[in-house]
Amino acid sequence: MGMTLAEKIIARGAGLSEVSPDEIHWVDVDLAMIQDSGGPRRIWPMLDELGVGIWDPDRVVLVADHYVPAQDVNAALILQTTRSFASRFGVDNFYEAEGISHTLLVEKGYLRPGMLYVGGDSHTCTGGVMGCLALGMGSTDLLGVLATGRTWLRVPHTVRVDVAGFLEKGVTAKDLMLTMIGERGMAGAIYRVLEFTGSGVAAMSIDERSVLTNMCAEIGAKTGVIAADEVTINHLQDLGVEVDEGPSSDRDAQFLDTWRYDASNIVPVIARPHRHDDVLPAADLVNTPIGRAYIGACTGAKYEDLAMAAEVLAGRRVASGVLLQVAPASAGALARAMADGTAQILVESGAQLLSTGCGACPGIGSGVLGPGEVCISTTSRNAQGRMGSPESKVYLGSAYAVAAAAVAGEIVDPLTVMGVPA
Amino acid sequence: MKIHQGRVWKFGDDVDTDLIVPGRFLILEPSEIAQHVMEGIRPGFAELVEEGDIVVAGDNFGSGSSREVAPRALRAVGIVAVVAKSFSRIFFRNAVNLGLAPVACPDADVIEEGQSIRIDFDLGEVEIVETGMRLKAGSLPPEVAAIMEAGGMVEFLKSRVSGSPL
């Protein structure tokens, strides 16, 4: 019987010729990522308790993205511990304030088709965009991986998400994922792997595809995956990485289900506070005033998100009384935005440029919300208190929707601001 | 821990780790974080809970962020088990690694706040003490139970890293 892409990667990791859903296997890990919040400061004392080092420091990437730049002495101490960990354990793949791990590892070419990759962050699933099995975990799970290079996995069922057609102008992968989550709920794919296929996916760039895999965390999926194709291989070749196309699901693989979407039917949507599955067309939420607009996070501040915002903001001004903040997802995204004038447009419109990192998304960095503040954000979660005060409210949308709301001072259908005919 | 009886604290569906421990507290040490556990949705929870109490919830418990301090904080204030209709997989793994028992129970809805429940881990059963009603519950697969029985991942690794490979 054929196997899915996820099953093939787990079988290889387990040293078996085939695996089936719900089996539990110990597997070899190809690459592990840890970040500054749940990484060194939590894992180092446990490594010392075990009296062991890292199984293979070259297979570990350490990213300081949550507490950068340090906003107080406690954050500075966390970053010092992170740096000391890198030198003590010989982790040369160390990045501080160069970007959010999920964006950075794709941008730097660490993730390759067919890899079994684990990371100490729930949005590790983003990495599935490169055709690898990318799994989020907590600190002590990562301790086990760092100590032994192994972990246990339950073989998941795979649901195929077939996206036919093409997204219309002004409509994004974010709108597709919010629509899907709105229909199926936060637990809509619990314990499942979502494998994205179809013309609508093939037509997307790496930046847009990575929103599909990133937001698998928001629908409860174990992870998301997109089999490598020409776009994936070209991305790696541009970075000087030569790889084969890697595994894909067999024709006779057993999918639990197939969800079919027609990309051309997707419209700009917004998730309302405090649930990211409470989703409505942006057009149904007009006249909702906002005071804050935030373009940030691994979900919503990659280069193409910045470019989308600039498309709306060119020649326009952020409305009086609105604070638009932009925290690029990586230094690479910012560099591109500076090179082609995108950043200039953002700043001239009145946007405030914040440093790269997770920022206000997890309620940690610059731009957190105070009581009563109403924000529209390109991030992926809006649980009560996620971005700051429990008395703040967060609406979620695409970079187009956030930029359009920043200009209007209230939620609008971004297509009307952009002059796209209905 | 073959059988455990304790008092129930009841929560709904999709209890996100952002609600269990909001991000603004992550900068603190785990002992300080525990004092704020669940406070956004159940003010005073850390003081009200007693050692041995049980959290009962709906679907997708512990969704969202991978922050391990969420199950760590629940355990620190006295919660020994979470009985839920389903778990977010990262929370489930974190709980096992820290010795907080995750018990999947599809009928957890019928359990009420303040009741006492008796969990039989080997049998895979939850009994509501007040009513005598018995509910089917999942038991951990042997590979995962081995970690739980060792007292969590650190103790499990201690027994393995020096001896046979995992």
# chains A, B, ... in the order shown; residues from 1 in each chain; ligands from 1
>>> residues_around(residues="Leu16 in chain A", least_positions_apart="5", cutoff="12 Å", atoms="only C-alpha atoms", output="number ranges by chain")
A: 7-11, 25-28
>>> write_last_selection(atoms="C-alpha atoms", output="mmCIF file, in the first residue's frame")
data_model
loop_
_atom_site.group_PDB
_atom_site.id
_atom_site.type_symbol
_atom_site.label_atom_id
_atom_site.label_comp_id
_atom_site.auth_asym_id
_atom_site.auth_seq_id
_atom_site.Cartn_x
_atom_site.Cartn_y
_atom_site.Cartn_z
ATOM 1 C CA GLU A 7 4.396 8.536 6.595
ATOM 2 C CA LYS A 8 7.454 8.235 4.341
ATOM 3 C CA ILE A 9 9.448 10.700 6.423
ATOM 4 C CA ILE A 10 8.520 8.974 9.685
ATOM 5 C CA ALA A 11 9.311 5.537 8.215
ATOM 6 C CA HIS A 25 7.787 4.991 16.729
ATOM 7 C CA TRP A 26 11.062 6.324 18.024
ATOM 8 C CA VAL A 27 12.698 8.260 15.194
ATOM 9 C CA ASP A 28 16.024 9.926 14.366
#
>>> select_by_dssp(residues="range 132-339 of chain A", states="strand (DSSP E or B)", output="mmCIF file with N, CA and C atoms, in the first residue's frame")
data_model
loop_
_atom_site.group_PDB
_atom_site.id
_atom_site.type_symbol
_atom_site.label_atom_id
_atom_site.label_comp_id
_atom_site.auth_asym_id
_atom_site.auth_seq_id
_atom_site.Cartn_x
_atom_site.Cartn_y
_atom_site.Cartn_z
ATOM 1 N N LEU A 133 8.882 17.256 7.249
ATOM 2 C CA LEU A 133 7.925 17.073 8.331
ATOM 3 C C LEU A 133 8.415 17.935 9.486
ATOM 4 N N ALA A 134 7.687 19.003 9.789
ATOM 5 C CA ALA A 134 8.131 20.025 10.732
ATOM 6 C C ALA A 134 7.199 20.011 11.938
ATOM 7 N N LEU A 135 7.737 19.648 13.101
ATOM 8 C CA LEU A 135 6.892 19.406 14.264
ATOM 9 C C LEU A 135 7.285 20.274 15.451
ATOM 10 N N GLY A 136 6.308 20.970 16.026
ATOM 11 C CA GLY A 136 6.536 21.796 17.204
ATOM 12 C C GLY A 136 6.507 20.971 18.472
ATOM 13 N N ARG A 150 16.928 11.724 19.232
ATOM 14 C CA ARG A 150 15.731 10.926 18.933
ATOM 15 C C ARG A 150 14.514 11.475 19.666
ATOM 16 N N THR A 151 13.325 11.086 19.147
ATOM 17 C CA THR A 151 12.087 11.420 19.840
ATOM 18 C C THR A 151 11.029 10.398 19.433
ATOM 19 N N TRP A 152 9.905 10.371 20.166
ATOM 20 C CA TRP A 152 8.823 9.468 19.749
ATOM 21 C C TRP A 152 7.772 10.253 18.976
ATOM 22 N N LEU A 153 7.177 9.598 18.016
ATOM 23 C CA LEU A 153 6.100 10.208 17.234
ATOM 24 C C LEU A 153 4.967 9.218 17.046
ATOM 25 N N ARG A 154 3.746 9.732 17.085
ATOM 26 C CA ARG A 154 2.606 8.925 16.673
ATOM 27 C C ARG A 154 2.372 9.219 15.199
ATOM 28 N N THR A 158 -3.263 11.710 7.398
ATOM 29 C CA THR A 158 -3.097 12.909 6.573
ATOM 30 C C THR A 158 -4.418 13.262 5.894
ATOM 31 N N VAL A 159 -4.770 14.531 5.939
ATOM 32 C CA VAL A 159 -5.907 15.065 5.171
ATOM 33 C C VAL A 159 -5.325 15.865 4.015
ATOM 34 N N ARG A 160 -5.780 15.573 2.802
ATOM 35 C CA ARG A 160 -5.310 16.351 1.654
ATOM 36 C C ARG A 160 -6.183 17.598 1.508
ATOM 37 N N VAL A 161 -5.552 18.736 1.388
ATOM 38 C CA VAL A 161 -6.287 19.978 1.161
ATOM 39 C C VAL A 161 -5.994 20.390 -0.280
ATOM 40 N N ASP A 162 -6.973 20.181 -1.141
ATOM 41 C CA ASP A 162 -6.777 20.433 -2.561
ATOM 42 C C ASP A 162 -7.333 21.806 -2.912
ATOM 43 N N VAL A 163 -6.448 22.687 -3.332
ATOM 44 C CA VAL A 163 -6.850 24.063 -3.636
ATOM 45 C C VAL A 163 -6.813 24.258 -5.151
ATOM 46 N N ALA A 164 -7.993 24.272 -5.736
ATOM 47 C CA ALA A 164 -8.099 24.499 -7.187
ATOM 48 C C ALA A 164 -8.192 25.998 -7.450
ATOM 49 N N VAL A 193 -2.198 15.631 9.834
ATOM 50 C CA VAL A 193 -1.313 16.421 8.990
ATOM 51 C C VAL A 193 -2.139 16.929 7.812
ATOM 52 N N LEU A 194 -2.034 18.198 7.490
ATOM 53 C CA LEU A 194 -2.678 18.734 6.298
ATOM 54 C C LEU A 194 -1.633 18.792 5.183
ATOM 55 N N GLU A 195 -1.917 18.112 4.080
ATOM 56 C CA GLU A 195 -1.016 18.189 2.924
ATOM 57 C C GLU A 195 -1.696 19.020 1.837
ATOM 58 N N PHE A 196 -1.090 20.157 1.509
ATOM 59 C CA PHE A 196 -1.693 21.103 0.563
ATOM 60 C C PHE A 196 -1.257 20.775 -0.856
ATOM 61 N N THR A 197 -2.234 20.664 -1.747
ATOM 62 C CA THR A 197 -1.964 20.355 -3.150
ATOM 63 C C THR A 197 -2.861 21.222 -4.039
ATOM 64 N N THR A 223 0.854 19.114 11.835
ATOM 65 C CA THR A 223 1.657 19.999 11.015
ATOM 66 C C THR A 223 1.010 20.125 9.647
ATOM 67 N N GLY A 224 1.617 20.939 8.796
ATOM 68 C CA GLY A 224 1.207 21.055 7.398
ATOM 69 C C GLY A 224 2.398 20.742 6.526
ATOM 70 N N VAL A 225 2.133 20.278 5.326
ATOM 71 C CA VAL A 225 3.246 19.957 4.445
ATOM 72 C C VAL A 225 2.861 20.227 2.997
ATOM 73 N N ALA A 253 -1.683 6.359 -1.791
ATOM 74 C CA ALA A 253 -1.581 6.651 -0.350
ATOM 75 C C ALA A 253 -2.982 6.782 0.238
ATOM 76 N N ASP A 257 -9.120 12.038 4.386
ATOM 77 C CA ASP A 257 -10.169 12.861 3.794
ATOM 78 C C ASP A 257 -9.507 13.798 2.783
ATOM 79 N N THR A 258 -10.308 14.380 1.906
ATOM 80 C CA THR A 258 -9.816 15.448 1.036
ATOM 81 C C THR A 258 -10.742 16.642 1.205
ATOM 82 N N TRP A 259 -10.146 17.764 1.558
ATOM 83 C CA TRP A 259 -10.920 19.010 1.648
ATOM 84 C C TRP A 259 -10.661 19.782 0.371
ATOM 85 N N ARG A 260 -11.730 20.171 -0.312
ATOM 86 C CA ARG A 260 -11.558 20.879 -1.587
ATOM 87 C C ARG A 260 -11.941 22.348 -1.458
ATOM 88 N N TYR A 261 -11.060 23.193 -1.933
ATOM 89 C CA TYR A 261 -11.333 24.636 -1.949
ATOM 90 C C TYR A 261 -11.097 25.162 -3.355
ATOM 91 N N ASP A 262 -11.905 26.138 -3.746
ATOM 92 C CA ASP A 262 -11.662 26.847 -4.988
ATOM 93 C C ASP A 262 -11.137 28.227 -4.596
ATOM 94 N N VAL A 269 -11.118 38.149 4.524
ATOM 95 C CA VAL A 269 -11.856 37.851 5.755
ATOM 96 C C VAL A 269 -11.084 38.357 6.971
ATOM 97 N N ILE A 270 -11.802 38.412 8.075
ATOM 98 C CA ILE A 270 -11.241 38.889 9.347
ATOM 99 C C ILE A 270 -11.709 37.937 10.443
ATOM 100 N N ALA A 271 -10.790 37.597 11.387
ATOM 101 C CA ALA A 271 -11.201 36.855 12.584
ATOM 102 C C ALA A 271 -11.447 37.859 13.703
ATOM 103 N N VAL A 279 -14.725 33.887 12.138
ATOM 104 C CA VAL A 279 -14.277 34.535 10.902
ATOM 105 C C VAL A 279 -15.454 35.032 10.064
ATOM 106 N N LEU A 280 -15.353 36.266 9.601
ATOM 107 C CA LEU A 280 -16.384 36.869 8.749
ATOM 108 C C LEU A 280 -15.715 37.570 7.574
ATOM 109 N N PRO A 281 -16.433 37.756 6.449
ATOM 110 C CA PRO A 281 -15.884 38.591 5.386
ATOM 111 C C PRO A 281 -15.587 39.988 5.934
ATOM 112 N N PRO A 289 -14.236 50.510 14.429
ATOM 113 C CA PRO A 289 -13.065 51.382 14.599
ATOM 114 C C PRO A 289 -11.876 50.626 15.199
ATOM 115 N N ARG A 292 -5.148 50.596 16.540
ATOM 116 C CA ARG A 292 -3.826 50.019 16.337
ATOM 117 C C ARG A 292 -3.871 49.080 15.145
ATOM 118 N N ALA A 293 -2.846 49.164 14.329
ATOM 119 C CA ALA A 293 -2.713 48.230 13.216
ATOM 120 C C ALA A 293 -1.308 47.644 13.306
ATOM 121 N N TYR A 294 -1.199 46.319 13.287
ATOM 122 C CA TYR A 294 0.091 45.670 13.530
ATOM 123 C C TYR A 294 0.411 44.705 12.396
ATOM 124 N N ILE A 295 1.550 44.935 11.760
ATOM 125 C CA ILE A 295 2.029 44.029 10.721
ATOM 126 C C ILE A 295 3.269 43.366 11.286
ATOM 127 N N LEU A 323 -2.247 53.998 15.110
ATOM 128 C CA LEU A 323 -0.820 53.712 15.140
ATOM 129 C C LEU A 323 -0.582 52.433 14.342
ATOM 130 N N LEU A 324 0.109 52.582 13.209
ATOM 131 C CA LEU A 324 0.461 51.405 12.391
ATOM 132 C C LEU A 324 1.905 51.033 12.690
ATOM 133 N N GLN A 325 2.107 49.790 13.157
ATOM 134 C CA GLN A 325 3.455 49.332 13.480
ATOM 135 C C GLN A 325 3.821 48.151 12.600
ATOM 136 N N VAL A 326 5.062 48.157 12.133
ATOM 137 C CA VAL A 326 5.540 47.097 11.244
ATOM 138 C C VAL A 326 6.804 46.492 11.844
ATOM 139 N N SER A 330 11.969 39.130 9.325
ATOM 140 C CA SER A 330 13.399 38.807 9.286
ATOM 141 C C SER A 330 14.177 40.009 8.762
#
>>> interface_residues(of="chain A", to="chain B", cutoff="9 Å", atoms="only C-alpha atoms", output="compact mmCIF listing (two decimals) with N, CA and C atoms, in the first residue's frame")
# COMPACT_ATOMS: atom_id res chain seq x y z
N ILE A 24 3.18 4.13 17.12
CA ILE A 24 4.14 5.02 17.77
C ILE A 24 5.54 4.49 17.49
N HIS A 25 6.41 5.39 17.05
CA HIS A 25 7.79 4.99 16.73
C HIS A 25 8.78 5.98 17.32
N TRP A 26 9.93 5.45 17.72
CA TRP A 26 11.06 6.32 18.02
C TRP A 26 11.78 6.61 16.71
N SER A 37 13.06 31.77 24.22
CA SER A 37 12.09 31.74 25.32
C SER A 37 12.04 30.36 26.00
N GLY A 38 11.82 29.32 25.19
CA GLY A 38 11.73 27.98 25.78
C GLY A 38 13.00 27.17 25.62
N MET A 46 18.62 21.27 32.60
CA MET A 46 18.26 19.85 32.50
C MET A 46 19.39 19.05 31.85
N GLU A 49 21.76 18.48 34.53
CA GLU A 49 21.26 17.46 35.45
C GLU A 49 21.53 16.06 34.90
N LEU A 50 21.39 15.94 33.57
CA LEU A 50 21.66 14.63 32.94
C LEU A 50 23.15 14.41 32.75
N VAL A 52 24.98 15.57 30.21
CA VAL A 52 25.27 15.27 28.80
C VAL A 52 25.36 16.57 27.99
N TYR A 67 12.86 37.61 22.75
CA TYR A 67 13.21 38.69 23.68
C TYR A 67 14.16 39.71 23.06
N ASN A 74 15.74 41.58 32.73
CA ASN A 74 15.42 40.15 32.67
C ASN A 74 15.57 39.61 31.26
N ALA A 75 15.11 40.39 30.28
CA ALA A 75 15.23 39.97 28.88
C ALA A 75 16.71 39.92 28.48
N ILE A 78 18.15 36.74 29.71
CA ILE A 78 17.73 35.61 28.88
C ILE A 78 18.60 35.53 27.63
N GLY A 120 11.28 23.97 18.97
CA GLY A 120 10.66 24.32 20.25
C GLY A 120 9.75 25.51 20.14
N ASP A 121 8.74 25.39 19.29
CA ASP A 121 7.79 26.49 19.10
C ASP A 121 6.61 25.92 18.31
N SER A 122 5.40 26.38 18.64
CA SER A 122 4.21 25.79 18.00
C SER A 122 4.11 26.12 16.52
N HIS A 123 4.76 27.19 16.07
CA HIS A 123 4.70 27.51 14.64
C HIS A 123 5.83 26.87 13.82
N GLY A 136 6.31 20.97 16.03
CA GLY A 136 6.54 21.80 17.20
C GLY A 136 6.51 20.97 18.47
N MET A 137 7.29 21.37 19.45
CA MET A 137 7.39 20.66 20.72
C MET A 137 7.70 21.65 21.84
N GLY A 138 7.66 21.15 23.06
CA GLY A 138 8.02 21.97 24.22
C GLY A 138 9.46 21.73 24.64
N SER A 139 9.87 22.43 25.71
CA SER A 139 11.28 22.45 26.12
C SER A 139 11.83 21.07 26.48
N THR A 140 11.08 20.31 27.26
CA THR A 140 11.62 19.03 27.75
C THR A 140 11.66 17.99 26.64
N ASP A 141 10.73 18.07 25.69
CA ASP A 141 10.82 17.23 24.49
C ASP A 141 12.12 17.55 23.74
N LEU A 143 14.78 18.79 25.04
CA LEU A 143 15.87 18.25 25.85
C LEU A 143 16.19 16.83 25.39
N GLY A 144 15.15 16.03 25.25
CA GLY A 144 15.34 14.65 24.82
C GLY A 144 16.01 14.58 23.45
N ALA A 147 19.67 15.70 23.69
CA ALA A 147 20.51 14.72 24.40
C ALA A 147 20.76 13.48 23.56
N THR A 148 19.77 13.08 22.77
CA THR A 148 19.87 11.76 22.12
C THR A 148 19.73 11.78 20.60
N ARG A 150 16.93 11.72 19.23
CA ARG A 150 15.73 10.93 18.93
C ARG A 150 14.51 11.48 19.67
N THR A 151 13.33 11.09 19.15
CA THR A 151 12.09 11.42 19.84
C THR A 151 11.03 10.40 19.43
N TRP A 152 9.91 10.37 20.17
CA TRP A 152 8.82 9.47 19.75
C TRP A 152 7.77 10.25 18.98
N MET A 186 -11.07 25.61 15.61
CA MET A 186 -9.69 25.55 16.11
C MET A 186 -9.17 24.13 16.22
N ALA A 187 -10.08 23.17 16.37
CA ALA A 187 -9.66 21.77 16.50
C ALA A 187 -10.02 21.00 15.23
N ILE A 190 -7.37 18.32 14.35
CA ILE A 190 -6.61 17.87 15.51
C ILE A 190 -5.96 16.50 15.24
N TYR A 191 -4.67 16.42 15.55
CA TYR A 191 -3.82 15.22 15.36
C TYR A 191 -3.56 14.89 13.89
N ALA A 217 -1.11 25.37 12.80
CA ALA A 217 -1.15 25.41 14.27
C ALA A 217 -2.51 25.91 14.75
N GLU A 218 -3.14 26.78 13.97
CA GLU A 218 -4.40 27.41 14.39
C GLU A 218 -5.63 26.55 14.13
N GLY A 220 -5.33 23.24 14.76
CA GLY A 220 -5.06 22.08 15.62
C GLY A 220 -4.27 20.97 14.97
N ALA A 221 -3.80 21.18 13.72
CA ALA A 221 -3.10 20.10 13.01
C ALA A 221 -1.75 19.80 13.65
N LYS A 222 -1.30 18.57 13.44
CA LYS A 222 0.03 18.19 13.91
C LYS A 222 1.06 19.00 13.13
N PRO A 362 3.33 37.48 20.60
CA PRO A 362 3.11 36.70 21.83
C PRO A 362 3.02 37.57 23.09
N GLY A 363 2.82 38.87 22.93
CA GLY A 363 2.67 39.74 24.10
C GLY A 363 3.98 39.99 24.82
N ILE A 364 5.09 39.90 24.09
CA ILE A 364 6.41 39.99 24.72
C ILE A 364 7.16 41.25 24.30
N ARG A 381 -2.94 34.61 16.00
CA ARG A 381 -3.75 34.25 17.17
C ARG A 381 -4.31 35.48 17.85
N ALA A 383 -6.29 35.03 21.03
CA ALA A 383 -6.85 34.64 22.33
C ALA A 383 -6.78 35.84 23.27
N GLN A 384 -7.72 35.89 24.20
CA GLN A 384 -7.78 37.02 25.12
C GLN A 384 -6.43 37.22 25.82
N GLY A 385 -5.86 38.41 25.70
CA GLY A 385 -4.60 38.72 26.38
C GLY A 385 -3.36 38.28 25.61
N ARG A 386 -3.53 37.69 24.44
CA ARG A 386 -2.38 37.18 23.68
C ARG A 386 -1.36 38.30 23.40
N MET A 387 -1.84 39.45 22.97
CA MET A 387 -0.92 40.53 22.57
C MET A 387 -0.75 41.59 23.65
N GLY A 388 -1.14 41.27 24.88
CA GLY A 388 -0.99 42.26 25.95
C GLY A 388 -2.12 42.17 26.95
N SER A 389 -2.77 43.30 27.19
CA SER A 389 -3.82 43.34 28.22
C SER A 389 -4.98 42.41 27.88
N PRO A 390 -5.52 41.70 28.88
CA PRO A 390 -6.72 40.89 28.66
C PRO A 390 -7.91 41.74 28.25
>>> atom_distance(atom1="CA of Gly419 in chain A", atom2="CA of Lys169 in chain A")
10.4 Å
>>> select_by_dssp(residues="range 20-233 of chain A", states="alpha helix (DSSP H)", output="JSON, numbers by chain")
{"A": [40, 41, 42, 43, 44, 45, 46, 47, 48, 49, 50, 73, 74, 75, 76, 77, 78, 79, 80, 81, 82, 83, 84, 85, 86, 87, 88, 101, 102, 103, 104, 105, 106, 107, 139, 140, 141, 142, 143, 144, 145, 146, 147, 148, 173, 174, 175, 176, 177, 178, 179, 180, 181, 182, 183, 184, 199, 200, 201, 202, 206, 207, 208, 209, 210, 211, 212, 213, 214, 230, 231, 232, 233]}
>>> residues_around(residues="range 110-126 of chain B", least_positions_apart="6", cutoff="9 Å", atoms="only C-alpha atoms", output="VMD selection string")
chain B and resid 1 to 11 53 to 54 56 81 83 103 133 to 140
>>> write_last_selection(atoms="N, CA and C atoms", output="tab-separated table (two decimals), in the first residue's frame")
chain	number	residue	atom	x	y	z
B	1	MET	N	1.09	5.94	40.03
B	1	MET	CA	-0.27	6.49	40.20
B	1	MET	C	-1.25	5.65	39.38
B	2	LYS	N	-1.77	4.59	40.01
B	2	LYS	CA	-2.69	3.71	39.27
B	2	LYS	C	-4.11	4.26	39.32
B	3	ILE	N	-4.46	4.83	40.49
B	3	ILE	CA	-5.80	5.39	40.67
B	3	ILE	C	-5.65	6.72	41.39
B	4	HIS	N	-6.40	7.71	40.96
B	4	HIS	CA	-6.36	8.99	41.66
B	4	HIS	C	-7.76	9.57	41.77
B	5	GLN	N	-8.09	10.07	42.96
B	5	GLN	CA	-9.37	10.74	43.16
B	5	GLN	C	-9.13	12.19	43.54
B	6	GLY	N	-9.90	13.09	42.94
B	6	GLY	CA	-9.71	14.50	43.27
B	6	GLY	C	-10.90	15.35	42.86
B	7	ARG	N	-10.84	16.61	43.30
B	7	ARG	CA	-11.92	17.56	43.06
B	7	ARG	C	-11.75	18.20	41.67
B	8	VAL	N	-12.89	18.50	41.04
B	8	VAL	CA	-12.88	18.95	39.65
B	8	VAL	C	-12.98	20.47	39.51
B	9	TRP	N	-12.13	21.01	38.63
B	9	TRP	CA	-12.25	22.39	38.14
B	9	TRP	C	-12.60	22.28	36.67
B	10	LYS	N	-13.73	22.86	36.27
B	10	LYS	CA	-14.26	22.62	34.93
B	10	LYS	C	-14.00	23.80	34.00
B	11	PHE	N	-13.52	23.48	32.80
B	11	PHE	CA	-13.29	24.49	31.76
B	11	PHE	C	-13.93	24.02	30.46
B	53	ASP	N	-6.06	18.17	43.01
B	53	ASP	CA	-7.23	18.56	42.21
B	53	ASP	C	-7.02	18.20	40.73
B	54	ILE	N	-8.14	18.21	40.01
B	54	ILE	CA	-8.13	17.78	38.60
B	54	ILE	C	-8.81	18.84	37.75
B	56	VAL	N	-10.92	19.50	34.38
B	56	VAL	CA	-11.73	18.80	33.38
B	56	VAL	C	-12.09	19.82	32.30
B	81	ALA	N	-3.92	15.91	37.21
B	81	ALA	CA	-4.38	15.33	35.95
B	81	ALA	C	-5.29	16.32	35.24
B	83	VAL	N	-8.37	15.98	32.57
B	83	VAL	CA	-9.28	15.09	31.84
B	83	VAL	C	-9.97	15.95	30.79
B	103	VAL	N	-5.61	12.81	30.42
B	103	VAL	CA	-6.56	11.70	30.28
B	103	VAL	C	-7.62	12.10	29.25
B	133	MET	N	-21.48	7.41	38.14
B	133	MET	CA	-21.39	7.25	36.69
B	133	MET	C	-19.95	6.97	36.26
B	134	ARG	N	-19.81	5.97	35.36
B	134	ARG	CA	-18.47	5.62	34.86
B	134	ARG	C	-18.32	6.01	33.41
B	135	LEU	N	-17.23	6.66	33.09
B	135	LEU	CA	-16.96	7.13	31.73
B	135	LEU	C	-15.71	6.44	31.20
B	136	LYS	N	-15.77	6.09	29.92
B	136	LYS	CA	-14.58	5.49	29.29
B	136	LYS	C	-13.52	6.55	29.03
B	137	ALA	N	-12.29	6.18	29.28
B	137	ALA	CA	-11.20	7.12	29.04
B	137	ALA	C	-10.06	6.37	28.35
B	138	GLY	N	-9.26	7.11	27.62
B	138	GLY	CA	-8.12	6.50	26.96
B	138	GLY	C	-7.01	6.25	27.95
B	139	SER	N	-6.23	5.21	27.72
B	139	SER	CA	-5.02	5.05	28.53
B	139	SER	C	-3.82	5.29	27.62
B	140	LEU	N	-2.70	5.63	28.21
B	140	LEU	CA	-1.53	5.99	27.42
B	140	LEU	C	-0.95	4.75	26.74
>>> atom_distance(atom1="CA of Arg184 in chain A", atom2="CA of Asn382 in chain A")
17.0 Å
>>> decode(residues="range 261-273 of chain A", atoms="N, CA and C atoms", output="short mmCIF file (atom, residue, chain, number, x, y, z; two decimals), in the first residue's frame")
data_model
loop_
_atom_site.label_atom_id
_atom_site.label_comp_id
_atom_site.auth_asym_id
_atom_site.auth_seq_id
_atom_site.Cartn_x
_atom_site.Cartn_y
_atom_site.Cartn_z
N TYR A 261 -11.06 23.19 -1.93
CA TYR A 261 -11.33 24.64 -1.95
C TYR A 261 -11.10 25.16 -3.35
N ASP A 262 -11.91 26.14 -3.75
CA ASP A 262 -11.66 26.85 -4.99
C ASP A 262 -11.14 28.23 -4.60
N ALA A 263 -9.86 28.44 -4.87
CA ALA A 263 -9.21 29.68 -4.42
C ALA A 263 -9.94 30.92 -4.95
N SER A 264 -10.53 30.79 -6.14
CA SER A 264 -11.16 31.98 -6.74
C SER A 264 -12.42 32.40 -5.98
N ASN A 265 -12.94 31.53 -5.10
CA ASN A 265 -14.12 31.88 -4.29
C ASN A 265 -13.77 32.56 -2.96
N ILE A 266 -12.48 32.58 -2.63
CA ILE A 266 -12.07 33.14 -1.34
C ILE A 266 -12.12 34.68 -1.40
N VAL A 267 -12.62 35.29 -0.33
CA VAL A 267 -12.69 36.75 -0.25
C VAL A 267 -11.89 37.21 0.97
N PRO A 268 -11.56 38.49 1.06
CA PRO A 268 -10.86 38.99 2.26
C PRO A 268 -11.72 38.76 3.51
N VAL A 269 -11.12 38.15 4.52
CA VAL A 269 -11.86 37.85 5.76
C VAL A 269 -11.08 38.36 6.97
N ILE A 270 -11.80 38.41 8.07
CA ILE A 270 -11.24 38.89 9.35
C ILE A 270 -11.71 37.94 10.44
N ALA A 271 -10.79 37.60 11.39
CA ALA A 271 -11.20 36.86 12.58
C ALA A 271 -11.45 37.86 13.70
N ARG A 272 -12.57 37.66 14.41
CA ARG A 272 -12.93 38.61 15.47
C ARG A 272 -12.35 38.18 16.82
N PRO A 273 -12.18 39.14 17.74
CA PRO A 273 -11.74 38.78 19.09
C PRO A 273 -12.79 37.87 19.75
#
